[in-house]
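work.cif (mmCIF, C-alpha atoms)
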data_structure
#
loop_
_atom_site.label_atom_id
_atom_site.label_comp_id
_atom_site.auth_asym_id
_atom_site.auth_seq_id
_atom_site.Cartn_x
_atom_site.Cartn_y
_atom_site.Cartn_z
CA MET A 1470 5.14 -9.33 -1.06
CA ALA A 1471 7.53 -9.64 -3.94
CA MET A 1472 11.13 -10.46 -3.05
CA ASN A 1473 12.67 -8.07 -5.50
CA ARG A 1474 11.55 -4.57 -6.18
CA ILE A 1475 12.03 -3.07 -9.63
CA ILE A 1476 11.34 0.64 -9.47
CA VAL A 1477 11.64 3.28 -12.18
CA ILE A 1478 12.25 6.88 -11.12
CA THR A 1479 10.73 9.21 -13.67
CA SER A 1480 9.28 12.71 -14.13
CA GLY A 1481 8.69 13.74 -17.71
CA LYS A 1482 10.30 17.11 -17.22
CA GLY A 1483 14.06 17.35 -16.90
CA GLY A 1484 15.86 19.01 -14.02
CA VAL A 1485 13.39 18.21 -11.27
CA GLY A 1486 15.77 15.95 -9.36
CA LYS A 1487 15.23 12.42 -10.67
CA THR A 1488 18.88 11.47 -10.69
CA THR A 1489 19.57 13.06 -7.30
CA CYS A 1490 16.62 11.13 -5.87
CA THR A 1491 17.83 7.87 -7.44
CA ALA A 1492 21.36 8.31 -6.11
CA ASN A 1493 20.23 9.17 -2.60
CA LEU A 1494 17.47 6.58 -2.39
CA GLY A 1495 19.87 3.91 -3.61
CA MET A 1496 22.40 4.92 -1.00
CA ALA A 1497 19.78 5.09 1.77
CA LEU A 1498 18.40 1.63 0.95
CA ALA A 1499 21.94 0.21 0.81
CA LYS A 1500 22.67 1.77 4.21
CA ALA A 1501 19.58 0.01 5.51
CA GLY A 1502 21.20 -3.29 4.56
CA LYS A 1503 19.43 -3.92 1.25
CA ARG A 1504 21.38 -5.01 -1.79
CA VAL A 1505 20.74 -2.25 -4.32
CA VAL A 1506 21.64 -1.73 -7.96
CA VAL A 1507 20.95 1.60 -9.65
CA ILE A 1508 20.66 1.59 -13.44
CA ASP A 1509 21.38 4.70 -15.47
CA ALA A 1510 18.86 4.51 -18.32
CA ASP A 1511 19.90 7.88 -19.73
CA PHE A 1512 22.00 6.69 -22.66
CA GLY A 1513 23.92 9.57 -24.19
CA LEU A 1514 23.40 11.93 -21.25
CA ARG A 1515 24.43 9.87 -18.26
CA ASN A 1516 24.84 11.59 -14.90
CA LEU A 1517 24.06 9.07 -12.20
CA ASP A 1518 27.76 8.15 -12.10
CA LEU A 1519 28.65 11.79 -11.34
CA LEU A 1520 26.12 12.18 -8.54
CA LEU A 1521 27.41 9.01 -6.94
CA GLY A 1522 31.04 10.07 -7.43
CA LEU A 1523 31.75 6.91 -9.41
CA GLU A 1524 32.55 8.50 -12.76
CA ASN A 1525 36.23 7.53 -12.68
CA ARG A 1526 35.57 3.88 -12.05
CA ILE A 1527 33.52 3.02 -15.12
CA VAL A 1528 35.14 0.40 -17.36
CA TYR A 1529 32.19 -1.18 -19.17
CA THR A 1530 28.61 -0.05 -19.73
CA ALA A 1531 25.26 -1.77 -20.17
CA LEU A 1532 25.83 -1.74 -23.93
CA ASP A 1533 29.08 -3.69 -23.60
CA VAL A 1534 27.19 -6.32 -21.63
CA LEU A 1535 24.53 -6.56 -24.32
CA ALA A 1536 27.17 -6.77 -27.04
CA GLY A 1537 28.75 -9.69 -25.21
CA GLU A 1538 31.99 -7.81 -24.64
CA CYS A 1539 31.93 -8.35 -20.89
CA ARG A 1540 29.92 -10.12 -18.22
CA LEU A 1541 27.21 -8.24 -16.34
CA ASP A 1542 29.13 -8.30 -13.06
CA GLN A 1543 32.16 -6.76 -14.79
CA ALA A 1544 30.12 -3.73 -15.84
CA LEU A 1545 28.74 -3.13 -12.35
CA VAL A 1546 30.60 -0.44 -10.41
CA LYS A 1547 30.58 -1.33 -6.72
CA ASP A 1548 30.55 1.59 -4.32
CA LYS A 1549 33.53 1.47 -1.94
CA ARG A 1550 31.81 3.62 0.68
CA GLN A 1551 28.72 1.42 0.69
CA PRO A 1552 29.39 -2.11 -0.59
CA ASN A 1553 25.65 -2.89 -0.81
CA LEU A 1554 25.32 -0.42 -3.69
CA ALA A 1555 26.25 -0.99 -7.34
CA LEU A 1556 25.82 1.11 -10.47
CA LEU A 1557 25.13 -0.19 -13.96
CA PRO A 1558 26.38 2.69 -16.14
CA ALA A 1559 24.82 3.85 -19.38
CA ALA A 1560 26.91 4.39 -22.48
CA GLN A 1561 27.73 8.06 -22.94
CA ASN A 1562 28.71 8.05 -26.62
CA ARG A 1563 25.53 6.42 -27.91
CA SER A 1564 21.91 7.44 -28.38
CA LYS A 1565 18.77 6.36 -26.56
CA GLU A 1566 17.89 4.18 -29.55
CA SER A 1567 20.96 2.01 -29.03
CA ILE A 1568 19.05 -0.21 -26.59
CA THR A 1569 15.58 -1.80 -26.81
CA PRO A 1570 12.92 -2.41 -24.14
CA GLU A 1571 13.52 -6.16 -24.54
CA GLN A 1572 17.23 -5.74 -23.85
CA MET A 1573 16.48 -3.64 -20.78
CA LYS A 1574 14.18 -6.37 -19.47
CA LYS A 1575 16.93 -8.92 -19.99
CA LEU A 1576 19.42 -6.86 -17.97
CA VAL A 1577 16.97 -6.23 -15.14
CA ARG A 1578 15.90 -9.86 -14.97
CA ALA A 1579 19.51 -10.88 -14.52
CA LEU A 1580 20.11 -8.24 -11.84
CA THR A 1581 17.09 -9.25 -9.74
CA LYS A 1582 18.88 -12.53 -9.03
CA ALA A 1583 21.49 -10.73 -6.92
CA TYR A 1584 19.78 -7.55 -5.73
CA ASN A 1585 16.78 -6.71 -3.53
CA PHE A 1586 16.20 -3.34 -5.16
CA VAL A 1587 16.69 -2.42 -8.80
CA LEU A 1588 16.28 1.36 -9.22
CA ILE A 1589 16.06 2.60 -12.80
CA ASP A 1590 16.88 6.27 -13.40
CA SER A 1591 14.77 7.31 -16.38
CA PRO A 1592 15.82 10.05 -18.79
CA ALA A 1593 13.59 13.11 -19.19
CA GLY A 1594 10.97 13.03 -21.91
CA ILE A 1595 8.49 10.37 -22.97
CA GLU A 1596 10.25 8.93 -25.98
CA MET A 1597 12.44 5.88 -26.49
CA GLY A 1598 14.63 6.41 -23.44
CA PHE A 1599 11.59 6.64 -21.20
CA ARG A 1600 10.03 3.57 -22.79
CA ASN A 1601 13.24 1.63 -22.19
CA ALA A 1602 13.36 2.75 -18.59
CA ILE A 1603 9.81 1.67 -17.77
CA ALA A 1604 9.91 -1.58 -19.76
CA ALA A 1605 11.08 -3.75 -16.89
CA ALA A 1606 9.66 -1.79 -13.96
CA ARG A 1607 6.96 -3.07 -11.64
CA GLU A 1608 6.68 0.15 -9.63
CA ALA A 1609 7.24 3.81 -10.37
CA ILE A 1610 8.30 6.82 -8.38
CA ILE A 1611 7.24 10.07 -9.98
CA VAL A 1612 9.38 13.07 -9.06
CA THR A 1613 7.95 16.54 -9.48
CA THR A 1614 8.45 20.04 -8.12
CA PRO A 1615 5.54 22.30 -7.15
CA GLU A 1616 5.83 24.11 -10.47
CA ILE A 1617 3.14 24.21 -13.08
CA SER A 1618 5.28 22.78 -15.91
CA ALA A 1619 6.70 19.95 -13.82
CA VAL A 1620 3.24 18.95 -12.57
CA ARG A 1621 1.83 18.99 -16.07
CA ASP A 1622 4.59 16.73 -17.36
CA ALA A 1623 4.24 14.44 -14.33
CA ASP A 1624 0.56 14.08 -15.16
CA ARG A 1625 1.41 13.02 -18.69
CA VAL A 1626 3.88 10.44 -17.41
CA ILE A 1627 1.32 9.07 -14.95
CA GLY A 1628 -1.07 8.53 -17.85
CA LEU A 1629 1.63 6.70 -19.83
CA LEU A 1630 2.56 4.51 -16.85
CA GLU A 1631 -1.08 3.56 -16.38
CA ALA A 1632 -1.34 2.71 -20.06
CA ASN A 1633 1.71 0.47 -19.62
CA ASP A 1634 0.17 -1.38 -16.69
CA ILE A 1635 2.45 0.08 -14.03
CA LYS A 1636 -0.14 0.77 -11.37
CA ALA A 1637 2.03 0.93 -8.25
CA MET A 1638 2.95 4.60 -8.50
CA ARG A 1639 4.06 6.99 -5.80
CA LEU A 1640 4.89 10.65 -5.79
CA ILE A 1641 7.87 12.62 -4.49
CA ILE A 1642 7.45 16.39 -4.34
CA ASN A 1643 10.93 17.86 -4.56
CA ARG A 1644 12.28 21.35 -3.86
CA LEU A 1645 9.35 22.58 -1.84
CA LYS A 1646 9.90 26.07 -0.40
CA PRO A 1647 7.87 26.14 2.83
CA SER A 1648 8.06 29.93 3.18
CA MET A 1649 6.66 30.41 -0.31
CA VAL A 1650 3.88 27.91 0.35
CA GLU A 1651 3.00 29.78 3.50
CA ALA A 1652 2.84 33.03 1.54
CA GLU A 1653 0.63 31.21 -0.98
CA GLN A 1654 3.07 31.90 -3.76
CA MET A 1655 3.78 28.23 -4.39
CA MET A 1656 1.45 25.26 -4.72
CA SER A 1657 1.27 23.23 -1.53
CA VAL A 1658 1.83 19.49 -1.14
CA LYS A 1659 -1.92 19.02 -0.99
CA ASP A 1660 -2.48 21.10 -4.13
CA VAL A 1661 -0.09 18.93 -6.14
CA GLN A 1662 -1.45 15.74 -4.63
CA ASP A 1663 -5.04 16.72 -5.41
CA ILE A 1664 -4.16 17.38 -9.02
CA LEU A 1665 -2.06 14.27 -9.67
CA ALA A 1666 -4.05 11.90 -7.44
CA VAL A 1667 -1.11 9.57 -6.82
CA PRO A 1668 -0.20 8.43 -3.27
CA LEU A 1669 2.51 10.56 -1.70
CA LEU A 1670 5.86 8.92 -0.91
CA GLY A 1671 7.53 12.03 0.46
CA VAL A 1672 8.34 15.71 0.30
CA ILE A 1673 11.89 17.02 -0.05
CA PRO A 1674 12.42 20.66 0.94
CA ASP A 1675 14.60 22.91 -1.17
CA ASP A 1676 18.08 22.62 0.30
CA GLU A 1677 21.36 24.24 -0.76
CA GLN A 1678 23.25 21.24 0.59
CA VAL A 1679 22.03 19.31 -2.46
CA VAL A 1680 24.21 21.48 -4.70
CA VAL A 1681 27.20 20.98 -2.42
CA SER A 1682 26.77 17.23 -2.33
CA THR A 1683 26.42 17.12 -6.11
CA ASN A 1684 29.64 19.12 -6.47
CA ASN A 1685 31.41 16.61 -4.28
CA GLY A 1686 29.86 13.45 -5.71
CA GLU A 1687 28.83 12.52 -2.17
CA PRO A 1688 25.12 11.75 -1.82
CA LEU A 1689 23.50 13.73 1.03
CA ILE A 1690 22.65 10.51 2.76
CA LEU A 1691 26.35 9.89 3.45
CA SER A 1692 26.91 12.98 5.59
CA LYS A 1693 27.01 12.48 9.34
CA ASP A 1694 24.56 15.25 10.17
CA LEU A 1695 21.69 14.82 7.80
CA SER A 1696 20.41 18.08 6.33
CA LYS A 1697 16.66 18.58 5.95
CA ALA A 1698 16.65 17.17 2.44
CA GLY A 1699 18.81 14.27 3.61
CA THR A 1700 16.36 13.44 6.39
CA ALA A 1701 13.49 13.64 3.93
CA VAL A 1702 15.17 11.14 1.58
CA SER A 1703 16.02 8.85 4.45
CA ASN A 1704 12.33 8.90 5.46
CA ILE A 1705 11.33 8.13 1.88
CA ALA A 1706 13.64 5.10 1.85
CA ARG A 1707 12.01 3.84 5.05
CA ARG A 1708 8.51 4.31 3.63
CA LEU A 1709 9.60 2.45 0.51
CA GLN A 1710 10.40 -0.52 2.75
CA GLY A 1711 6.93 -0.42 4.25
CA GLU A 1712 7.64 1.53 7.41
CA LYS A 1713 5.10 4.16 8.49
CA VAL A 1714 7.02 7.41 8.85
CA PRO A 1715 5.09 10.67 9.32
CA LEU A 1716 5.84 13.57 6.98
CA MET A 1717 8.48 16.01 8.26
CA ASP A 1718 7.22 19.23 9.73
CA LEU A 1719 8.16 21.81 7.13
CA SER A 1720 6.29 24.77 8.57
CA VAL A 1721 8.27 27.98 8.85
CA PRO A 1722 9.13 28.94 12.42
CA LYS A 1723 7.19 32.07 13.37
CA GLU A 1724 9.38 35.14 13.44
CA ASN A 1725 9.01 36.87 16.72
CA PHE A 1726 7.84 40.41 17.04
CA PHE A 1727 11.16 41.82 18.16
CA LYS A 1728 13.08 40.26 15.32
CA LYS A 1729 10.63 41.86 12.89
CA LEU A 1730 10.96 45.15 14.70
CA ARG A 1731 14.72 44.96 14.45
CA GLN A 1732 14.50 44.25 10.70
CA LEU A 1733 12.55 47.47 10.30
CA PHE A 1734 15.54 49.53 11.30
CA ASN A 1735 18.01 47.74 9.06
CA MET B 1037 4.28 56.50 5.85
CA ILE B 1038 2.42 55.01 8.78
CA SER B 1039 0.60 52.53 6.54
CA ASP B 1040 3.94 51.63 5.01
CA PHE B 1041 5.30 51.02 8.49
CA LEU B 1042 2.32 48.87 9.43
CA GLU B 1043 2.61 46.90 6.21
CA ARG B 1044 6.22 46.11 6.92
CA LEU B 1045 5.36 45.17 10.48
CA PHE B 1046 2.48 42.85 9.76
CA GLY B 1047 3.21 41.89 6.16
CA SER B 1048 1.10 43.03 3.28
CA ARG B 1049 -1.25 40.85 1.28
CA GLU B 1050 0.11 40.40 -2.21
CA PRO B 1051 -2.05 38.70 -4.81
CA VAL B 1052 -1.32 34.97 -4.54
CA SER B 1053 0.01 33.09 -7.53
CA ARG B 1054 -0.76 29.70 -6.00
CA ASP B 1055 -4.41 29.83 -7.01
CA THR B 1056 -3.55 31.03 -10.50
CA ALA B 1057 -1.18 28.09 -10.91
CA LYS B 1058 -3.82 25.60 -9.78
CA GLN B 1059 -6.48 27.05 -12.04
CA ARG B 1060 -4.23 27.11 -15.10
CA LEU B 1061 -3.06 23.57 -14.43
CA ARG B 1062 -6.58 22.24 -14.05
CA PHE B 1063 -7.55 23.68 -17.40
CA VAL B 1064 -4.50 22.50 -19.29
CA LEU B 1065 -4.63 19.01 -17.74
CA ALA B 1066 -8.25 18.56 -18.70
CA HIS B 1067 -7.21 19.01 -22.30
CA ASP B 1068 -4.01 16.95 -22.00
CA ARG B 1069 -5.85 14.07 -20.40
CA SER B 1070 -8.82 13.97 -22.72
CA ASP B 1071 -6.58 13.87 -25.77
CA ILE B 1072 -9.32 15.48 -27.87
CA SER B 1073 -8.16 17.82 -30.61
CA PRO B 1074 -9.36 21.44 -30.49
CA GLN B 1075 -11.03 20.85 -33.87
CA ASN B 1076 -13.03 17.92 -32.59
CA LEU B 1077 -13.92 19.73 -29.39
CA GLU B 1078 -15.27 22.59 -31.46
CA LYS B 1079 -17.23 20.15 -33.62
CA LEU B 1080 -18.64 18.51 -30.52
CA ARG B 1081 -19.62 21.89 -29.13
CA LYS B 1082 -21.42 22.86 -32.32
CA GLU B 1083 -23.31 19.59 -32.53
CA ILE B 1084 -24.41 19.64 -28.91
CA LEU B 1085 -25.62 23.22 -29.24
CA GLU B 1086 -27.47 22.28 -32.39
CA VAL B 1087 -29.37 19.50 -30.64
CA VAL B 1088 -30.15 21.56 -27.55
CA SER B 1089 -31.23 24.53 -29.65
CA ARG B 1090 -33.97 22.51 -31.26
CA TYR B 1091 -35.75 22.31 -27.94
CA VAL B 1092 -34.81 25.54 -26.21
CA GLU B 1093 -33.59 28.93 -27.25
CA LEU B 1094 -30.12 29.45 -25.75
CA ASP B 1095 -28.44 32.62 -24.65
CA PHE B 1096 -25.37 32.31 -26.86
CA ASP B 1097 -23.58 35.26 -25.28
CA SER B 1098 -23.26 33.73 -21.84
CA LEU B 1099 -22.93 30.02 -22.44
CA GLU B 1100 -19.89 28.12 -21.20
CA PHE B 1101 -18.49 24.97 -22.63
CA SER B 1102 -15.25 23.44 -21.38
CA LEU B 1103 -13.36 20.38 -20.24
CA GLU B 1104 -12.54 20.13 -16.58
CA SER B 1105 -10.46 17.68 -14.65
CA ASP B 1106 -10.57 16.52 -11.08
CA GLN B 1107 -8.96 13.49 -9.44
CA ARG B 1108 -7.84 12.16 -12.83
CA MET B 1109 -11.45 12.22 -14.09
CA THR B 1110 -12.21 14.47 -17.03
CA ALA B 1111 -15.66 15.95 -17.44
CA LEU B 1112 -17.33 17.96 -20.14
CA MET B 1113 -18.85 20.97 -18.44
CA ALA B 1114 -21.55 22.90 -20.22
CA ASN B 1115 -23.52 25.77 -18.80
CA LEU B 1116 -26.24 26.61 -21.29
CA PRO B 1117 -28.53 29.42 -20.12
CA ILE B 1118 -32.02 29.11 -21.61
CA ARG B 1119 -33.82 32.17 -22.96
CA ARG B 1120 -37.07 30.35 -23.57
CA VAL B 1121 -38.40 26.90 -24.20
CA ARG B 1122 -39.68 26.13 -27.67
CA THR B 1123 -43.25 24.87 -27.53
CA ASN B 1124 -42.75 23.18 -30.87
CA PRO B 1125 -39.28 21.66 -31.11
CA LEU B 1126 -37.54 22.32 -34.42
CA GLU B 1127 -36.81 19.63 -36.98
CA PRO B 1128 -33.30 18.10 -37.01
CA ASP B 1129 -32.23 20.02 -40.13
CA SER B 1130 -33.12 23.52 -39.05
CA PRO B 1131 -30.15 25.88 -38.65
CA VAL B 1132 -28.92 27.11 -35.29
CA GLU B 1133 -29.11 30.84 -34.76
CA GLU B 1134 -25.65 31.31 -33.34
CA LYS B 1135 -23.97 34.59 -34.11
CA GLN B 1136 -21.47 34.06 -36.88
CA GLU B 1137 -17.92 35.30 -36.49
CA PRO B 1138 -16.79 37.21 -39.60
CA SER B 1139 -15.32 34.52 -41.78
CA LEU B 1140 -11.62 34.67 -42.54
CA ASP B 1141 -10.70 32.61 -45.51
CA LEU B 1142 -7.13 32.12 -46.63
CA GLU B 1143 -7.97 32.38 -50.32
CA GLU B 1144 -10.32 35.31 -50.07
CA SER B 1145 -8.21 37.46 -47.79
CA ILE B 1146 -5.22 39.49 -48.87
CA ASP B 1147 -2.54 37.46 -50.49
CA LEU B 1148 0.09 37.26 -47.76
CA ASP B 1149 2.72 35.98 -50.17
CA GLU B 1150 2.54 39.15 -52.19
CA VAL B 1151 2.96 41.25 -49.09
CA VAL B 1152 5.98 39.23 -48.05
CA GLU B 1153 7.52 39.43 -51.48
CA GLU B 1154 7.14 43.16 -51.53
CA ALA B 1155 8.77 43.42 -48.16
CA SER B 1156 11.70 41.26 -49.14
CA GLU B 1157 12.26 43.29 -52.28
CA THR B 1158 12.70 46.44 -50.28
CA ALA B 1159 14.90 44.72 -47.71
CA ASP B 1160 18.52 45.32 -48.46
CA ILE B 1161 20.34 42.05 -48.13
CA PRO B 1162 24.01 42.41 -48.88
CA GLN B 1163 25.35 39.70 -51.15
CA ASP B 1164 28.92 38.59 -51.37
#
Would you give me this structure, written as structure tokens?
Amino acid sequence: MAMNRIIVITSGKGGVGKTTCTANLGMALAKAGKRVVVIDADFGLRNLDLLLGLENRIVYTALDVLAGECRLDQALVKDKRQPNLALLPAAQNRSKESITPEQMKKLVRALTKAYNFVLIDSPAGIEMGFRNAIAAAREAIIVTTPEISAVRDADRVIGLLEANDIKAMRLIINRLKPSMVEAEQMMSVKDVQDILAVPLLGVIPDDEQVVVSTNNGEPLILSKDLSKAGTAVSNIARRLQGEKVPLMDLSVPKENFFKKLRQLFN
Amino acid sequence: MISDFLERLFGSREPVSRDTAKQRLRFVLAHDRSDISPQNLEKLRKEILEVVSRYVELDFDSLEFSLESDQRMTALMANLPIRRVRTNPLEPDSPVEEKQEPSLDLEESIDLDEVVEEASETADIPQD
């Protein structure tokens, strides 16, 4: 098995939870004692810094490193809560074309010398930013939600990853609503898996705590009592390290007869 | 009233959108994955029907021709009901007897530009 893992987190469609997954997975792997660097590959629309609560500590970005204005280690923002985790920020005032796939490879190659896991947070879309993000990756995590548009875009991205020789792909299904699946008003995990035909890495249930943790810049993984989504991400991090962890039981607890009866009179 | 009560007690059966989503996805992915343009697909369809029609008479009203996708494998699915088998196959150049749609040609049809111009003349656009 390879010493260093270089993994791109991508989805095609925007807003399905790529950056949230990257932030939490990075934090979970760091908690497990791995040395982790997360790279924001979304030049011009960076957000990974916000989700990690590191936005006020950015001095240099990846572009400054490439321009020779600072050393790579100077641009890395080390997380004070979890010293195993570092962020390589993207430039916010530049476009996706301001960096090339070759330059991205150069950065990643240098980072693998000091880190066990390099997680690359890809921008939405399949253009230059996406191509930069996948250029150095050896594995890919595809994030989707059980929605028709997200699955379609994920399928497109899977095709592009295959064409770029990234064959180690795994799927995260995010924001699953178990009650809707049970009512057959949402595609199930199996439905999505059958369509995309990529091995499943995990399922994250829809969870309001995600919004709260985003507001606070505190990844879910850091809270003492893990919420359902937090547990799901923690399981995903363990699977990523080769552990066999069964999928969480997401079935809806059966409402009892009397509770239903009571609801009738409300 | 009673049925309403029972429905609320046991839950009613709404039409499920899950199956619709799956079906629509399967169709759209078959096209996305094959990367074949609608024009070429139509050309392919015409040519295949032409070849088949030389040997058998097809029921053009009920034939199906589509791309389908399963497990990342795209397949061309054709369901071509046969009316009768031709005892003497036709020669390659003979025409296929498919019902023709009324042809709509840009040049022959009404001049849309004129219509638009007329409309914009009557429109009252205030000018400063």
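Pairwise distance (atom CA of A:Thr1700, atom CA of A:Gln1662) equals 21.1 Å.
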**Report entry** Reference answer for the PyMOL selection byres ((chain A and resi 1624-1633) around 9), as a count of residues only
**Finding:** 25
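Reported to one decimal place, the separation of atom CA of B:Ser1070 from atom CA of B:Pro1117 is 25.2 Å.
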Query raised in the report: Which residue, A:Thr1530, A:Ser1618, A:Asn1493, A:Gln1572, has the smallest gap to chain B when you use all atoms listed in the file?
Result: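 Among the listed residues, the smallest separation from chain B belongs to A:Ser1618.
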Query raised in the report: Counting all atoms listed in the file, which residues of chain B come no farther than 7 Å from chain A, as a list in words?
Result: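 Matching residues, ligands excluded from the count: Leu1045, Val1052, Ser1053, Arg1054, Ala1057, Leu1061, Leu1065, Asp1106, Gln1107 and Arg1108 of chain B.
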Let's have the selection written as a PDB file, in the coordinates of the input, with C-alpha atoms.
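The resulting file, again11.pdb, is reproduced below:
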ATOM      1  CA  LEU B1045       5.360  45.170  10.480  1.00  0.00           C
ATOM      2  CA  VAL B1052      -1.320  34.970  -4.540  1.00  0.00           C
ATOM      3  CA  SER B1053       0.010  33.090  -7.530  1.00  0.00           C
ATOM      4  CA  ARG B1054      -0.760  29.700  -6.000  1.00  0.00           C
ATOM      5  CA  ALA B1057      -1.180  28.090 -10.910  1.00  0.00           C
ATOM      6  CA  LEU B1061      -3.060  23.570 -14.430  1.00  0.00           C
ATOM      7  CA  LEU B1065      -4.630  19.010 -17.740  1.00  0.00           C
ATOM      8  CA  ASP B1106     -10.570  16.520 -11.080  1.00  0.00           C
ATOM      9  CA  GLN B1107      -8.960  13.490  -9.440  1.00  0.00           C
ATOM     10  CA  ARG B1108      -7.840  12.160 -12.830  1.00  0.00           C
TER      11      ARG B1108
END
Requested in this report: Might you spell out which residues the PyMOL selection byres ((chain A and resi 1701) around 12) would select in the displayed file, as a ChimeraX atom specification?
Outcome: /A:1490,1493-1494,1497,1641-1645,1670-1676,1689-1690,1695-1700,1702-1708,1714-1719
